[in-house]
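Take a look at the structure set out below.
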Amino acid sequence: GQVITYGELNSRSNQLAHKLIELVPEKDARISIFLEHGINQIIAILGVLKAGKIYVPLDTYFPAERNQYMINDSDCCLLISNNMNIAQARVLAGDRSVFNVDELDTQLSSQSPDLDLNPGDMAGIIYTSGSTGQPKGVIHSHRGIVHFIYRLTKEIGVNVEDRWSFYYSISFSASVMSIFGALFNGAELMVYNLKTNQLTDFAQWLKKEKISITHMISSTLRHFLAVLNKGYRLPSLTRLIMGGETLYLHDVEKVRVHLKKTASIFNIYASSEAFLSRLYKIDSDTIIKSNIVPIGYQVEGMELTIVDENMKRNDPNQTGQILISSEY
C-alpha cells in the first residue's frame, strides 16, 4: 500500500545518512537494522551505506536470542528502529544507542554525503542460518555486492520494465539479490510480507502486480505449487530464479505448467559467503537428463574447483570439497 520513487528514496536515505554520521562519526561502525518488512528497511540499508557504515540486518520475527547474538557478535554500536518496534529494539540494544527513523528531521540535507568510500570497504555483515552451529557473520564489501549484481544482471537480464518481488527477510543473504538486483537496474522492487499473508494470497499478488522476476527456494516452490489450481497462470513472470536447495526435474515440470512458454527458469548455486557462483538456465528447449537439476555453468569472475583434503584439484569422479575463489 506504499509507493516510493527513486528520487524520494535517495533523499530520505541521504537524510538518514547525515544523521548517522552525526550520531556515529566512526567510518566502519556496525549499525543494526530492526524494522518490519517494507520500504523503511530499504531506506535504512541505503542510509547506512551512504554514511560509510556497515549494515547488520535483523528480523523482527526472529527469536530475541538470535537477534541478540548477531548484535553482540558483530559489535554493533547503534540500532535503527521505528515507533512500531522501538520497545523491542531498546531491550535488544541494552546499553547501545537506538535511533527512531520516525523521528528523523526532514530538514536535514537530502544531498549525498561527501565521503571518501572505496570499493573494498565493508558494506554489510549478513549471518548464515546457523544450521551447523551458531550463525556465522559473513562480511561483504561494496565491490562484492556490486559485482554480484553485475554478474546476475548479465546472466538473467534485468531492465527498467521489470517488477521484482521482495519477500525475503533482509537477514537472509538472498535479500541482497532482490533489493540491489532491482534498484541497480532501475526496476520496481515490489514488497510483499509472506510472514503475515498466505501462499494463496501470494499467488494472486504475483499475478495482480504483474511480477516479472521472483526467486524461490525449492521447498517454498513446492508449498507454492500445492496451493495453485490447474488453471492458474503467471503470464508476466518471465524469470523464475531457483536456489538454496536441490531442485528436481519434477519441480521444473510442475511449475512450467503455470508459466508461459517463453519464461526462463534459472537454477543458481549461491552462498552467503560468495553469492552467485554457478547458473543453469532452463528454457522450453532445455532437456534435463537427470532427476537432479544441475547447479550450472561458470559465471564471470567466479572460479570453482573440486579439491581434496590437501587443497589439490580432484580427478574426475572423486569426492571433494567445493573451493570458490574470486577477486571480488
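Residue numbers start at 1 in each chain; chains themselves are named A, B, ... in the order of the C-alpha cells; ligands are numbered from 1 in the order shown.
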Contacts of range 177-192 of chain A within 6 Å, only C-alpha atoms, excl. fewer than 4 positions in-chain, as a CSV table (one decimal) with C-alpha atoms, in the first residue's frame:
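Once everything was written out, this is around_8.csv:
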chain,number,residue,atom,x,y,z
A,149,ILE,CA,24.5,-7.9,-9.1
A,159,ASN,CA,15.7,-3.7,-17.0
A,160,VAL,CA,13.5,-0.7,-16.1
A,162,ASP,CA,10.8,-5.3,-14.6
A,163,ARG,CA,8.9,-5.8,-11.4
A,164,TRP,CA,11.0,-7.8,-8.9
A,165,SER,CA,9.3,-9.4,-5.9
A,166,PHE,CA,10.9,-8.8,-2.5
A,167,TYR,CA,9.5,-11.0,0.3
Please provide as a short mmCIF file (atom, residue, chain, number, x, y, z; two decimals) with C-alpha atoms, in the first residue's frame all residues within 9 Å of range 65-80 of chain A, with the sequence filter that same-chain residues fewer than 4 positions apart are discarded (counting only C-alpha atoms).
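Okay, part_11.cif is ready:
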data_model
loop_
_atom_site.label_atom_id
_atom_site.label_comp_id
_atom_site.auth_asym_id
_atom_site.auth_seq_id
_atom_site.Cartn_x
_atom_site.Cartn_y
_atom_site.Cartn_z
CA LEU A 23 25.44 10.01 15.74
CA VAL A 24 28.34 7.70 14.87
CA ALA A 29 30.81 1.41 12.64
CA ARG A 30 28.36 -1.52 12.53
CA ILE A 31 24.70 -0.49 12.63
CA SER A 32 21.85 -2.97 13.10
CA ILE A 33 18.55 -2.52 11.29
CA PHE A 34 15.50 -3.63 13.28
CA LEU A 35 12.43 -2.72 11.22
CA ALA A 44 17.80 2.23 6.29
CA VAL A 56 23.74 -5.66 10.03
CA PRO A 57 20.19 -6.75 9.08
CA LEU A 58 17.99 -8.18 11.84
CA ASP A 59 14.49 -9.62 11.57
CA THR A 60 11.67 -8.57 13.89
CA ILE A 86 11.23 0.69 19.32
CA ALA A 89 14.74 -2.65 19.92
CA ARG A 90 15.63 -0.96 23.21
CA LEU A 92 17.83 -5.84 22.43
CA ALA A 93 20.14 -2.82 22.41
CA ARG A 96 23.69 0.61 22.89
CA SER A 97 22.01 3.59 21.26
CA VAL A 98 18.74 3.28 19.34
CA PHE A 99 17.65 5.71 16.62
CA ASN A 100 13.96 6.04 15.72
CA VAL A 101 13.62 6.71 11.97
CA ILE A 125 27.53 -8.33 7.66
CA TYR A 127 24.59 -14.05 9.05
CA GLN A 134 25.95 -20.69 15.74
CA PRO A 135 25.19 -18.34 12.82
CA LYS A 136 28.35 -17.02 11.19
CA GLY A 137 28.68 -13.39 10.19
#
Run DSSP on the backbone and tell me which residues of range 71-154 of chain A come out as alpha helix (DSSP H); list them as a PyMOL selection string. chain A and resi 71-74+86-93+142-154
If you count only C-alpha atoms, which residues fall within 12 Å of Ala226 in chain A, apart from same-chain ones fewer than 2 positions away, as a ChimeraX atom specification? /A:199-200,203,219-224,228-230,232,251,254-255
Please produce a file of the residues just selected, as a CSV table (one decimal), in the first residue's frame, where the atoms kept are all heavy atoms.
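Final file, selection-v1.csv:
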chain,number,residue,atom,x,y,z
A,199,LEU,N,0.2,-18.3,1.2
A,199,LEU,CA,0.7,-18.5,-0.1
A,199,LEU,C,-0.3,-18.3,-1.2
A,199,LEU,O,0.0,-18.0,-2.3
A,199,LEU,CB,1.3,-19.9,-0.2
A,199,LEU,CG,2.7,-20.1,0.4
A,199,LEU,CD1,3.1,-21.6,0.5
A,199,LEU,CD2,3.7,-19.4,-0.5
A,200,THR,N,-1.6,-18.6,-0.9
A,200,THR,CA,-2.7,-18.4,-1.9
A,200,THR,C,-2.8,-16.9,-2.2
A,200,THR,O,-3.0,-16.5,-3.3
A,200,THR,CB,-4.0,-18.9,-1.3
A,200,THR,OG1,-4.2,-18.4,0.0
A,200,THR,CG2,-4.1,-20.4,-1.4
A,203,ALA,N,0.2,-16.0,-4.4
A,203,ALA,CA,-0.1,-16.4,-5.8
A,203,ALA,C,-0.9,-15.3,-6.6
A,203,ALA,O,-0.6,-15.0,-7.7
A,203,ALA,CB,-0.8,-17.7,-5.8
A,219,SER,N,11.9,-25.7,-1.5
A,219,SER,CA,10.8,-26.1,-0.6
A,219,SER,C,9.7,-25.1,-0.7
A,219,SER,O,8.5,-25.4,-0.6
A,219,SER,CB,11.3,-26.2,0.8
A,219,SER,OG,12.1,-25.1,1.2
A,220,THR,N,10.0,-23.8,-0.8
A,220,THR,CA,9.0,-22.7,-0.9
A,220,THR,C,8.2,-23.0,-2.2
A,220,THR,O,6.9,-22.9,-2.2
A,220,THR,CB,9.6,-21.3,-1.0
A,220,THR,OG1,10.4,-21.2,0.2
A,220,THR,CG2,8.5,-20.3,-1.0
A,221,LEU,N,8.9,-23.3,-3.3
A,221,LEU,CA,8.2,-23.6,-4.6
A,221,LEU,C,7.2,-24.7,-4.4
A,221,LEU,O,6.1,-24.6,-5.0
A,221,LEU,CB,9.2,-23.9,-5.7
A,221,LEU,CG,8.6,-24.3,-7.0
A,221,LEU,CD1,8.0,-23.1,-7.7
A,221,LEU,CD2,9.7,-24.9,-7.9
A,222,ARG,N,7.6,-25.8,-3.7
A,222,ARG,CA,6.7,-26.9,-3.6
A,222,ARG,C,5.4,-26.5,-2.8
A,222,ARG,O,4.3,-27.0,-3.1
A,222,ARG,CB,7.4,-28.1,-2.9
A,222,ARG,CG,8.5,-28.7,-3.9
A,222,ARG,CD,9.3,-29.7,-3.2
A,222,ARG,NE,10.6,-29.8,-4.0
A,222,ARG,CZ,11.8,-29.8,-3.4
A,222,ARG,NH1,11.9,-29.7,-2.1
A,222,ARG,NH2,12.9,-29.9,-4.2
A,223,HIS,N,5.6,-25.8,-1.7
A,223,HIS,CA,4.4,-25.3,-1.0
A,223,HIS,C,3.5,-24.4,-1.9
A,223,HIS,O,2.3,-24.4,-1.8
A,223,HIS,CB,4.9,-24.5,0.3
A,223,HIS,CG,5.4,-25.4,1.4
A,223,HIS,ND1,4.6,-26.4,2.0
A,223,HIS,CD2,6.6,-25.5,1.9
A,223,HIS,CE1,5.4,-27.0,2.9
A,223,HIS,NE2,6.6,-26.5,2.9
A,224,PHE,N,4.2,-23.6,-2.6
A,224,PHE,CA,3.5,-22.6,-3.5
A,224,PHE,C,2.7,-23.4,-4.6
A,224,PHE,O,1.5,-23.1,-4.8
A,224,PHE,CB,4.5,-21.7,-4.2
A,224,PHE,CG,4.0,-20.8,-5.2
A,224,PHE,CD1,3.2,-19.7,-4.9
A,224,PHE,CD2,4.3,-20.9,-6.6
A,224,PHE,CE1,2.7,-18.8,-5.8
A,224,PHE,CE2,3.8,-20.1,-7.5
A,224,PHE,CZ,3.0,-19.0,-7.1
A,228,LEU,N,-1.9,-23.9,-5.8
A,228,LEU,CA,-2.4,-23.4,-7.1
A,228,LEU,C,-3.4,-24.4,-7.7
A,228,LEU,O,-3.3,-25.6,-7.6
A,228,LEU,CB,-1.2,-23.3,-8.1
A,228,LEU,CG,-0.1,-22.4,-7.6
A,228,LEU,CD1,1.0,-22.3,-8.7
A,228,LEU,CD2,-0.5,-21.0,-7.3
A,229,ASN,N,-4.4,-23.8,-8.4
A,229,ASN,CA,-5.4,-24.6,-9.2
A,229,ASN,C,-4.8,-24.8,-10.6
A,229,ASN,O,-3.9,-24.1,-11.0
A,229,ASN,CB,-6.8,-24.0,-9.2
A,229,ASN,CG,-6.7,-22.6,-9.8
A,229,ASN,OD1,-6.2,-22.4,-10.9
A,229,ASN,ND2,-7.3,-21.6,-9.1
A,230,LYS,N,-5.3,-25.8,-11.3
A,230,LYS,CA,-4.8,-26.2,-12.6
A,230,LYS,C,-4.8,-25.0,-13.6
A,230,LYS,O,-4.0,-25.0,-14.5
A,230,LYS,CB,-5.6,-27.4,-13.1
A,230,LYS,CG,-5.3,-28.7,-12.4
A,230,LYS,CD,-6.0,-29.8,-13.0
A,230,LYS,CE,-5.7,-31.1,-12.3
A,230,LYS,NZ,-6.4,-32.3,-12.9
A,232,TYR,N,-4.3,-21.9,-13.0
A,232,TYR,CA,-3.5,-20.7,-12.6
A,232,TYR,C,-2.4,-20.5,-13.6
A,232,TYR,O,-1.6,-21.4,-13.9
A,232,TYR,CB,-3.0,-20.9,-11.2
A,232,TYR,CG,-2.1,-19.8,-10.7
A,232,TYR,CD1,-2.7,-18.6,-10.2
A,232,TYR,CD2,-0.7,-19.9,-10.8
A,232,TYR,CE1,-1.9,-17.6,-9.7
A,232,TYR,CE2,0.1,-18.9,-10.3
A,232,TYR,CZ,-0.5,-17.7,-9.7
A,232,TYR,OH,0.3,-16.7,-9.3
A,251,ASP,N,10.1,-30.8,-10.1
A,251,ASP,CA,9.7,-29.4,-9.7
A,251,ASP,C,9.6,-28.5,-10.9
A,251,ASP,O,8.7,-27.7,-11.0
A,251,ASP,CB,10.9,-28.8,-8.8
A,251,ASP,CG,11.0,-29.5,-7.5
A,251,ASP,OD1,10.0,-29.9,-6.9
A,251,ASP,OD2,12.2,-29.7,-7.0
A,254,LYS,N,6.4,-29.3,-13.0
A,254,LYS,CA,5.2,-28.9,-12.3
A,254,LYS,C,5.0,-27.4,-12.4
A,254,LYS,O,3.9,-26.9,-12.7
A,254,LYS,CB,5.2,-29.3,-10.8
A,254,LYS,CG,4.9,-30.8,-10.6
A,254,LYS,CD,4.9,-31.1,-9.1
A,254,LYS,CE,4.6,-32.6,-8.9
A,254,LYS,NZ,4.5,-32.9,-7.5
A,255,VAL,N,6.1,-26.6,-12.3
A,255,VAL,CA,6.0,-25.1,-12.4
A,255,VAL,C,5.8,-24.6,-13.8
A,255,VAL,O,5.1,-23.6,-14.0
A,255,VAL,CB,7.2,-24.4,-11.6
A,255,VAL,CG1,8.4,-24.5,-12.5
A,255,VAL,CG2,6.8,-23.0,-11.3
Might you pull out every residue within 10 Å of range 233-245 of chain A, with only C-alpha atoms counted and same-chain residues fewer than 3 positions away left off, and present them as a PyMOL selection string? chain A and resi 156-158+162-164+174+203-204+206-221+228-230+248+252+255-272+276+279-283+295
What residues in range 101-231 of chain A get the DSSP label strand (DSSP E)? Please answer as a PyMOL selection string. chain A and resi 122-127+137-141+163-166+188-191+213-216
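Here CA of Thr196 in chain A is placed at a distance of 11.1 Å from CA of Glu36 in chain A.
Distances to Asp116 in chain A were evaluated for A:Ala51, A:Met302, A:Leu9, A:Ile4 using only C-alpha atoms, and the minimum falls at A:Ala51.
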What does the structure give for the distance between CA of Trp205 in chain A and CA of Asn40 in chain A, in Å to one decimal? 20.9 Å
Quick one: of A:His18, A:Lys312, A:Lys195, A:Lys27, who's nearest to Gly47 in chain A, counting only C-alpha atoms?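 So, comparing all the options, the nearest one is A:His18.
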Atom-to-atom span, CA of Leu16 in chain A and CA of Leu117 in chain A, Å: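 Result for CA of Leu16 in chain A versus CA of Leu117 in chain A: 17.2 Å, one decimal.
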Give me the residues within 8 Å of Ala17 in chain A as a ChimeraX atom specification, counting only C-alpha atoms and dropping any in the same chain fewer than 3 places off. /A:13-14,20-21,47-51,113
Take the residues from that selection and write them out as a short mmCIF file (atom, residue, chain, number, x, y, z; two decimals), in the first residue's frame, keeping C-alpha atoms.
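The result, stored in again23.cif:
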data_model
loop_
_atom_site.label_atom_id
_atom_site.label_comp_id
_atom_site.auth_asym_id
_atom_site.auth_seq_id
_atom_site.Cartn_x
_atom_site.Cartn_y
_atom_site.Cartn_z
CA SER A 13 18.30 7.70 2.69
CA ASN A 14 20.63 10.72 2.33
CA LEU A 20 24.04 8.54 11.22
CA ILE A 21 27.28 10.41 10.55
CA GLY A 47 21.28 5.28 4.58
CA VAL A 48 23.85 3.14 6.39
CA LEU A 49 25.82 2.54 3.18
CA LYS A 50 25.73 6.21 2.18
CA ALA A 51 27.05 7.09 5.65
CA PRO A 113 27.22 12.88 1.98
#
